[in-house]
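So this one's data-v9.cif, mmCIF, C-alpha atoms:
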data_data
loop_
_atom_site.group_PDB
_atom_site.id
_atom_site.type_symbol
_atom_site.label_atom_id
_atom_site.label_comp_id
_atom_site.auth_asym_id
_atom_site.auth_seq_id
_atom_site.Cartn_x
_atom_site.Cartn_y
_atom_site.Cartn_z
ATOM 1 C CA MET A 5 0.000 0.000 0.000
ATOM 2 C CA ARG A 6 1.330 3.434 -0.946
ATOM 3 C CA ARG A 7 0.985 6.174 1.647
ATOM 4 C CA LYS A 8 0.017 9.554 0.203
ATOM 5 C CA GLU A 9 1.896 11.437 2.900
ATOM 6 C CA PHE A 10 5.188 9.984 1.635
ATOM 7 C CA SER A 11 4.604 10.818 -2.055
ATOM 8 C CA ILE A 12 6.644 13.537 -3.761
ATOM 9 C CA GLU A 13 5.296 15.294 -6.839
ATOM 10 C CA GLU A 14 7.661 18.289 -7.191
ATOM 11 C CA GLU A 15 9.662 17.607 -10.358
ATOM 12 C CA GLN A 16 12.798 19.439 -9.213
ATOM 13 C CA GLU A 17 12.939 17.405 -5.981
ATOM 14 C CA ILE A 18 12.906 14.214 -8.042
ATOM 15 C CA ILE A 19 15.501 15.485 -10.528
ATOM 16 C CA THR A 20 17.829 16.587 -7.721
ATOM 17 C CA PHE A 21 17.571 13.146 -6.106
ATOM 18 C CA LEU A 22 18.205 11.292 -9.386
ATOM 19 C CA ASP A 23 21.152 13.541 -10.262
ATOM 20 C CA LYS A 24 22.747 12.686 -6.923
ATOM 21 C CA CYS A 25 22.273 8.912 -7.195
ATOM 22 C CA SER A 26 24.359 6.810 -9.566
ATOM 23 C CA PHE A 27 22.902 3.328 -9.021
ATOM 24 C CA GLY A 28 19.515 1.858 -9.876
ATOM 25 C CA PHE A 29 17.731 -1.445 -10.559
ATOM 26 C CA LEU A 30 16.436 -2.385 -14.007
ATOM 27 C CA GLY A 31 13.486 -4.778 -14.173
ATOM 28 C CA THR A 32 13.119 -6.801 -17.380
ATOM 29 C CA VAL A 33 11.303 -9.912 -18.563
ATOM 30 C CA SER A 34 13.210 -12.819 -20.125
ATOM 31 C CA PRO A 35 11.989 -14.495 -23.360
ATOM 32 C CA ASP A 36 10.483 -17.305 -21.258
ATOM 33 C CA GLY A 37 8.575 -14.853 -19.086
ATOM 34 C CA GLU A 38 10.860 -14.906 -16.058
ATOM 35 C CA PRO A 39 11.395 -11.526 -14.329
ATOM 36 C CA ARG A 40 14.936 -10.269 -13.809
ATOM 37 C CA VAL A 41 16.393 -7.329 -11.880
ATOM 38 C CA THR A 42 19.802 -5.949 -12.857
ATOM 39 C CA PRO A 43 21.715 -3.404 -10.758
ATOM 40 C CA LEU A 44 23.479 -0.801 -12.889
ATOM 41 C CA ASN A 45 24.708 2.786 -13.128
ATOM 42 C CA PHE A 46 22.404 5.329 -14.759
ATOM 43 C CA VAL A 47 21.919 8.968 -15.627
ATOM 44 C CA TYR A 48 18.665 10.910 -15.856
ATOM 45 C CA MET A 49 18.492 13.409 -18.736
ATOM 46 C CA ASP A 50 15.591 15.322 -20.255
ATOM 47 C CA GLY A 51 12.993 13.197 -18.489
ATOM 48 C CA CYS A 52 14.520 9.826 -19.450
ATOM 49 C CA PHE A 53 16.780 7.256 -17.784
ATOM 50 C CA TYR A 54 19.880 6.044 -19.612
ATOM 51 C CA PHE A 55 22.236 3.139 -19.014
ATOM 52 C CA HIS A 56 25.060 1.607 -21.034
ATOM 53 C CA GLY A 57 26.624 -1.800 -21.482
ATOM 54 C CA SER A 58 27.629 -4.483 -23.949
ATOM 55 C CA LEU A 59 25.893 -4.632 -27.341
ATOM 56 C CA ALA A 60 25.346 -8.348 -26.739
ATOM 57 C CA GLY A 61 24.183 -9.519 -23.356
ATOM 58 C CA GLU A 62 21.275 -10.965 -21.437
ATOM 59 C CA LYS A 63 19.556 -7.668 -20.645
ATOM 60 C CA MET A 64 19.885 -6.476 -24.271
ATOM 61 C CA LYS A 65 18.272 -9.743 -25.425
ATOM 62 C CA GLN A 66 15.437 -9.287 -22.968
ATOM 63 C CA ILE A 67 14.841 -5.669 -24.015
ATOM 64 C CA LYS A 68 14.632 -6.723 -27.675
ATOM 65 C CA GLN A 69 12.015 -9.319 -26.743
ATOM 66 C CA HIS A 70 10.099 -7.148 -24.245
ATOM 67 C CA SER A 71 10.711 -3.409 -24.370
ATOM 68 C CA SER A 72 8.512 -2.781 -21.301
ATOM 69 C CA VAL A 73 10.770 -2.323 -18.276
ATOM 70 C CA SER A 74 10.787 -0.903 -14.774
ATOM 71 C CA PHE A 75 13.498 1.136 -13.109
ATOM 72 C CA THR A 76 13.941 1.855 -9.409
ATOM 73 C CA VAL A 77 16.348 4.101 -7.532
ATOM 74 C CA ALA A 78 16.481 4.100 -3.715
ATOM 75 C CA GLU A 79 18.667 5.654 -1.056
ATOM 76 C CA GLU A 80 18.437 4.690 2.612
ATOM 77 C CA PHE A 81 19.194 7.407 5.156
ATOM 78 C CA SER A 82 18.732 5.910 8.646
ATOM 79 C CA LEU A 83 17.330 2.810 10.315
ATOM 80 C CA ILE A 84 14.769 3.681 12.989
ATOM 81 C CA PRO A 85 14.789 1.005 15.723
ATOM 82 C CA SER A 86 11.542 0.038 17.455
ATOM 83 C CA PHE A 87 12.758 1.238 20.872
ATOM 84 C CA PHE A 88 12.808 4.831 19.579
ATOM 85 C CA SER A 89 9.015 4.569 19.847
ATOM 86 C CA ASP A 90 8.158 1.607 22.092
ATOM 87 C CA PRO A 91 10.226 -0.055 24.848
ATOM 88 C CA GLU A 92 8.870 -3.545 24.099
ATOM 89 C CA LEU A 93 7.080 -3.985 20.748
ATOM 90 C CA ALA A 94 9.073 -4.543 17.557
ATOM 91 C CA CYS A 95 6.348 -3.158 15.261
ATOM 92 C CA PRO A 96 7.546 0.487 15.071
ATOM 93 C CA ALA A 97 10.937 -0.469 13.572
ATOM 94 C CA THR A 98 11.341 1.131 10.140
ATOM 95 C CA SER A 99 13.763 3.062 7.931
ATOM 96 C CA PHE A 100 13.721 6.540 6.416
ATOM 97 C CA PHE A 101 14.586 6.742 2.728
ATOM 98 C CA LYS A 102 14.034 8.275 -0.704
ATOM 99 C CA SER A 103 12.961 6.246 -3.729
ATOM 100 C CA VAL A 104 11.827 6.769 -7.313
ATOM 101 C CA MET A 105 10.023 4.095 -9.320
ATOM 102 C CA ALA A 106 9.419 4.283 -13.066
ATOM 103 C CA SER A 107 8.004 2.010 -15.750
ATOM 104 C CA GLY A 108 8.060 2.523 -19.480
ATOM 105 C CA LEU A 109 9.719 1.481 -22.714
ATOM 106 C CA ALA A 110 13.416 0.803 -23.283
ATOM 107 C CA GLU A 111 14.919 1.681 -26.651
ATOM 108 C CA PRO A 112 18.516 1.437 -27.934
ATOM 109 C CA VAL A 113 20.163 4.749 -28.828
ATOM 110 C CA GLU A 114 21.896 4.603 -32.208
ATOM 111 C CA ASP A 115 22.821 8.260 -32.755
ATOM 112 C CA LEU A 116 26.517 8.667 -31.883
ATOM 113 C CA ASP A 117 26.140 12.316 -30.883
ATOM 114 C CA ILE A 118 23.442 11.410 -28.338
ATOM 115 C CA LYS A 119 25.535 8.464 -27.138
ATOM 116 C CA GLY A 120 28.430 10.841 -26.601
ATOM 117 C CA LYS A 121 26.313 13.301 -24.619
ATOM 118 C CA VAL A 122 24.902 10.522 -22.436
ATOM 119 C CA LEU A 123 28.303 8.994 -21.708
ATOM 120 C CA GLN A 124 29.722 12.448 -21.024
ATOM 121 C CA ARG A 125 27.009 12.883 -18.393
ATOM 122 C CA PHE A 126 27.991 9.482 -16.983
ATOM 123 C CA ILE A 127 31.652 10.442 -16.588
ATOM 124 C CA GLU A 128 30.723 13.807 -15.058
ATOM 125 C CA LYS A 129 28.605 11.985 -12.508
ATOM 126 C CA LEU A 130 30.997 9.140 -11.724
ATOM 127 C CA GLN A 131 34.275 11.071 -12.032
ATOM 128 C CA PRO A 132 33.481 14.657 -11.006
ATOM 129 C CA GLN A 133 37.160 15.425 -10.387
ATOM 130 C CA GLY A 134 37.818 15.393 -14.161
ATOM 131 C CA GLY A 135 41.065 13.992 -15.564
ATOM 132 C CA TYR A 136 39.762 12.930 -18.998
ATOM 133 C CA ALA A 137 39.171 14.278 -22.491
ATOM 134 C CA PRO A 138 35.485 15.207 -22.959
ATOM 135 C CA ILE A 139 33.492 12.496 -24.743
ATOM 136 C CA ASP A 140 32.578 13.746 -28.206
ATOM 137 C CA ALA A 141 31.408 11.656 -31.145
ATOM 138 C CA GLN A 142 33.510 13.833 -33.457
ATOM 139 C CA ASP A 143 36.681 12.982 -31.522
ATOM 140 C CA SER A 144 38.338 10.088 -33.389
ATOM 141 C CA ARG A 145 39.554 8.676 -30.073
ATOM 142 C CA TYR A 146 35.945 8.061 -29.066
ATOM 143 C CA THR A 147 34.095 7.388 -32.343
ATOM 144 C CA GLY A 148 34.912 3.673 -32.508
ATOM 145 C CA ARG A 149 34.259 3.185 -28.819
ATOM 146 C CA LEU A 150 30.848 4.827 -29.079
ATOM 147 C CA LYS A 151 29.930 2.454 -31.901
ATOM 148 C CA ALA A 152 31.014 -0.525 -29.791
ATOM 149 C CA VAL A 153 28.956 0.306 -26.682
ATOM 150 C CA ALA A 154 25.204 -0.014 -26.179
ATOM 151 C CA VAL A 155 23.322 2.969 -24.747
ATOM 152 C CA VAL A 156 19.674 2.423 -23.818
ATOM 153 C CA ARG A 157 17.042 5.051 -23.140
ATOM 154 C CA ILE A 158 14.093 4.344 -20.835
ATOM 155 C CA VAL A 159 11.148 6.592 -21.622
ATOM 156 C CA PRO A 160 8.953 6.589 -18.490
ATOM 157 C CA GLU A 161 5.216 6.141 -18.922
ATOM 158 C CA ARG A 162 4.693 6.260 -15.154
ATOM 159 C CA LEU A 163 6.963 7.716 -12.513
ATOM 160 C CA SER A 164 6.401 8.054 -8.769
ATOM 161 C CA ALA A 165 8.570 9.171 -5.872
ATOM 162 C CA LYS A 166 8.391 8.259 -2.197
ATOM 163 C CA PHE A 167 10.409 10.146 0.414
ATOM 164 C CA LYS A 168 9.675 8.667 3.842
ATOM 165 C CA PHE A 169 10.813 10.802 6.783
ATOM 166 C CA GLY A 170 8.146 10.424 9.471
ATOM 167 C CA GLN A 171 5.446 12.536 7.810
ATOM 168 C CA ASN A 172 2.779 10.304 9.393
ATOM 169 C CA LEU A 173 4.060 10.750 12.966
ATOM 170 C CA THR A 174 2.346 12.832 15.609
ATOM 171 C CA PRO A 175 4.282 15.991 16.542
ATOM 172 C CA GLU A 176 5.291 14.417 19.856
ATOM 173 C CA ARG A 177 6.624 11.206 18.277
ATOM 174 C CA PHE A 178 8.248 13.176 15.503
ATOM 175 C CA ASP A 179 10.194 15.357 17.953
ATOM 176 C CA HIS A 180 11.171 12.314 20.028
ATOM 177 C CA ILE A 181 12.545 10.339 17.064
ATOM 178 C CA SER A 182 14.338 13.408 15.720
ATOM 179 C CA GLY A 183 15.920 13.880 19.141
ATOM 180 C CA GLU A 184 16.964 10.222 19.306
ATOM 181 C CA LEU A 185 18.649 10.533 15.907
ATOM 182 C CA HIS A 186 20.665 13.528 17.092
ATOM 183 C CA LYS A 187 21.542 11.653 20.282
ATOM 184 C CA ARG A 188 22.645 8.481 18.442
ATOM 185 C CA ASN A 189 24.602 10.506 15.838
ATOM 186 C CA GLU A 190 25.639 7.593 13.620
ATOM 187 C CA GLY A 191 26.016 7.551 9.841
ATOM 188 C CA ARG A 192 23.494 9.940 8.295
ATOM 189 C CA ASP A 193 21.407 10.514 11.437
ATOM 190 C CA HIS A 194 21.822 14.305 11.491
ATOM 191 C CA GLU A 195 21.005 14.521 7.769
ATOM 192 C CA THR A 196 17.943 12.313 8.345
ATOM 193 C CA ALA A 197 16.713 14.646 11.088
ATOM 194 C CA GLU A 198 17.115 17.569 8.660
ATOM 195 C CA MET A 199 15.102 15.684 6.025
ATOM 196 C CA MET A 200 12.397 15.037 8.629
ATOM 197 C CA ARG A 201 12.029 18.760 9.277
ATOM 198 C CA LYS A 202 12.069 19.496 5.546
ATOM 199 C CA TYR A 203 9.321 17.073 4.558
ATOM 200 C CA CYS A 204 7.082 17.031 7.627
ATOM 201 C CA PRO A 205 4.058 19.339 7.028
ATOM 202 C CA TYR A 206 3.927 20.851 10.527
ATOM 203 C CA HIS A 207 7.617 21.782 10.396
ATOM 204 C CA GLN A 208 7.462 23.483 7.004
ATOM 205 C CA GLU A 209 7.338 27.261 7.022
#
Output the file's structure in the form of structure tokens.
Amino acid sequence: MRRKEFSIEEEQEIITFLDKCSFGFLGTVSPDGEPRVTPLNFVYMDGCFYFHGSLAGEKMKQIKQHSSVSFTVAEEFSLIPSFFSDPELACPATSFFKSVMASGLAEPVEDLDIKGKVLQRFIEKLQPQGGYAPIDAQDSRYTGRLKAVAVVRIVPERLSAKFKFGQNLTPERFDHISGELHKRNEGRDHETAEMMRKYCPYHQE
């Protein structure tokens, strides 16, 4: 069941999240009807997801057979133990996270100029410190390599985002859990508490 209070509809919020993440999960269907999920790097450009890989491979075979795919990106911020809310019951245990889920059609990209732009975005995302010649289809050092790599575009037909940061909590429980995160101060706890204040309706100005 999807909870409305966790849904995010602001496009820029979703784009910012996807630009920050580099890893997602591609859902495909094999020729014999078996589902498959493949973890891979991605970029999000102009409303579409892109990934790259070998021209020949299992996922490319599956996409040729069934172009309908799903794609999911998720980022966990903090685990929320049950004892933050109840000293005995395990039920309140949960996690706070951001996720985006999309479904649509996958199509190979053949245009070398587009391939170059997509792979340039990849290297900018995965190697922000630079140290490489920009990827350009007109650069003879890259032309052959661009022809030899597969780039696939996923055009979303449906896209939804869920950012869960305690929006369903009462103000008292919200403040208590936020305080416990600050007190524990492990991993991304402080950042999680900031996200709670950002997305909780009664803490928004």
Report the residues retrieved by the PyMOL selection byres ((chain A and resi 47-58) around 9) from the displayed file, expressed as a CSV table (one decimal) with C-alpha atoms, keeping the file's coordinate frame.
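This is the output file result_39.csv:
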chain,number,residue,atom,x,y,z
A,19,ILE,CA,15.5,15.5,-10.5
A,22,LEU,CA,18.2,11.3,-9.4
A,23,ASP,CA,21.2,13.5,-10.3
A,25,CYS,CA,22.3,8.9,-7.2
A,26,SER,CA,24.4,6.8,-9.6
A,27,PHE,CA,22.9,3.3,-9.0
A,44,LEU,CA,23.5,-0.8,-12.9
A,45,ASN,CA,24.7,2.8,-13.1
A,46,PHE,CA,22.4,5.3,-14.8
A,59,LEU,CA,25.9,-4.6,-27.3
A,60,ALA,CA,25.3,-8.3,-26.7
A,61,GLY,CA,24.2,-9.5,-23.4
A,64,MET,CA,19.9,-6.5,-24.3
A,75,PHE,CA,13.5,1.1,-13.1
A,122,VAL,CA,24.9,10.5,-22.4
A,123,LEU,CA,28.3,9.0,-21.7
A,125,ARG,CA,27.0,12.9,-18.4
A,126,PHE,CA,28.0,9.5,-17.0
A,129,LYS,CA,28.6,12.0,-12.5
A,152,ALA,CA,31.0,-0.5,-29.8
A,153,VAL,CA,29.0,0.3,-26.7
A,154,ALA,CA,25.2,0.0,-26.2
A,155,VAL,CA,23.3,3.0,-24.7
A,156,VAL,CA,19.7,2.4,-23.8
A,157,ARG,CA,17.0,5.1,-23.1
A,158,ILE,CA,14.1,4.3,-20.8
A,159,VAL,CA,11.1,6.6,-21.6
A,160,PRO,CA,9.0,6.6,-18.5
Rounded to one decimal place, report the atom CA of Pro132 of chain A-atom CA of Val77 of chain A distance in Å.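 Going from atom CA of Pro132 of chain A over to atom CA of Val77 of chain A covers 20.4 Å.
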For the point (14.1, 9.3, 19.4) in file coordinates, what residues are within 10 Å, counting only C-alpha atoms? Give the answer as a list in words?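 Protein, DNA and RNA residues close to (14.1, 9.3, 19.4): Ile84, Pro85, Ser86, Phe87, Phe88, Ser89, Arg177, Phe178, Asp179, His180, Ile181, Ser182, Gly183, Glu184, Leu185, His186, Lys187 and Arg188 of chain A.
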Using only C-alpha atoms, please write the residues we just selected to a file, as a tab-separated table (two decimals), in the frame of the given file.
chain	number	residue	atom	x	y	z
A	84	ILE	CA	14.77	3.68	12.99
A	85	PRO	CA	14.79	1.00	15.72
A	86	SER	CA	11.54	0.04	17.45
A	87	PHE	CA	12.76	1.24	20.87
A	88	PHE	CA	12.81	4.83	19.58
A	89	SER	CA	9.02	4.57	19.85
A	177	ARG	CA	6.62	11.21	18.28
A	178	PHE	CA	8.25	13.18	15.50
A	179	ASP	CA	10.19	15.36	17.95
A	180	HIS	CA	11.17	12.31	20.03
A	181	ILE	CA	12.54	10.34	17.06
A	182	SER	CA	14.34	13.41	15.72
A	183	GLY	CA	15.92	13.88	19.14
A	184	GLU	CA	16.96	10.22	19.31
A	185	LEU	CA	18.65	10.53	15.91
A	186	HIS	CA	20.66	13.53	17.09
A	187	LYS	CA	21.54	11.65	20.28
A	188	ARG	CA	22.64	8.48	18.44
What do you get, as a ChimeraX atom specification, if you spell out every residue that the PyMOL selection byres ((chain A and resi 136-143) around 6) selects here? /A:116-117,120,124,134-135,144-147
Expansion of the PyMOL selection byres ((chain A and resi 40) around 12) into residues, as a PyMOL selection string: chain A and resi 29-39+41-43+62-63+66-67+70+73-75
Selection above as a file: C-alpha atoms, as a PDB file, in the frame of the given file:
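Output contents, as saved in out01.pdb:
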ATOM      1  CA  PHE A  29      17.731  -1.445 -10.559  1.00  0.00           C
ATOM      2  CA  LEU A  30      16.436  -2.385 -14.007  1.00  0.00           C
ATOM      3  CA  GLY A  31      13.486  -4.778 -14.173  1.00  0.00           C
ATOM      4  CA  THR A  32      13.119  -6.801 -17.380  1.00  0.00           C
ATOM      5  CA  VAL A  33      11.303  -9.912 -18.563  1.00  0.00           C
ATOM      6  CA  SER A  34      13.210 -12.819 -20.125  1.00  0.00           C
ATOM      7  CA  PRO A  35      11.989 -14.495 -23.360  1.00  0.00           C
ATOM      8  CA  ASP A  36      10.483 -17.305 -21.258  1.00  0.00           C
ATOM      9  CA  GLY A  37       8.575 -14.853 -19.086  1.00  0.00           C
ATOM     10  CA  GLU A  38      10.860 -14.906 -16.058  1.00  0.00           C
ATOM     11  CA  PRO A  39      11.395 -11.526 -14.329  1.00  0.00           C
ATOM     12  CA  VAL A  41      16.393  -7.329 -11.880  1.00  0.00           C
ATOM     13  CA  THR A  42      19.802  -5.949 -12.857  1.00  0.00           C
ATOM     14  CA  PRO A  43      21.715  -3.404 -10.758  1.00  0.00           C
ATOM     15  CA  GLU A  62      21.275 -10.965 -21.437  1.00  0.00           C
ATOM     16  CA  LYS A  63      19.556  -7.668 -20.645  1.00  0.00           C
ATOM     17  CA  GLN A  66      15.437  -9.287 -22.968  1.00  0.00           C
ATOM     18  CA  ILE A  67      14.841  -5.669 -24.015  1.00  0.00           C
ATOM     19  CA  HIS A  70      10.099  -7.148 -24.245  1.00  0.00           C
ATOM     20  CA  VAL A  73      10.770  -2.323 -18.276  1.00  0.00           C
ATOM     21  CA  SER A  74      10.787  -0.903 -14.774  1.00  0.00           C
ATOM     22  CA  PHE A  75      13.498   1.136 -13.109  1.00  0.00           C
TER      23      PHE A  75
END
In Å, with one decimal, what is the gap from atom CA of Ala78 of chain A to atom CA of Phe100 of chain A?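 Calculated distance between atom CA of Ala78 of chain A and atom CA of Phe100 of chain A is 10.8 Å.
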Have a look at atom CA of Gln171 of chain A and atom CA of Ala106 of chain A and let me know their distance in Å, one decimal.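 Atom CA of Ala106 of chain A lies 22.8 Å from atom CA of Gln171 of chain A.
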Residue with smallest distance to Thr98 of chain A - pool A:Glu13, A:Glu128, A:Glu80, A:Glu161, counting all atoms listed in the file: A:Glu80
Between A:Val104, A:Arg149, A:Phe81, A:Met200, which residue has the minimum interatomic distance to Leu163 of chain A, considering only C-alpha atoms?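 For Leu163 of chain A, the nearest of the given residues is A:Val104.
Comparing the minimum interatomic distances between Thr174 of chain A and each of A:Val113, A:Ile127, A:Cys204, A:Met199, counting all atoms listed in the file, we find that A:Cys204 sits nearest.
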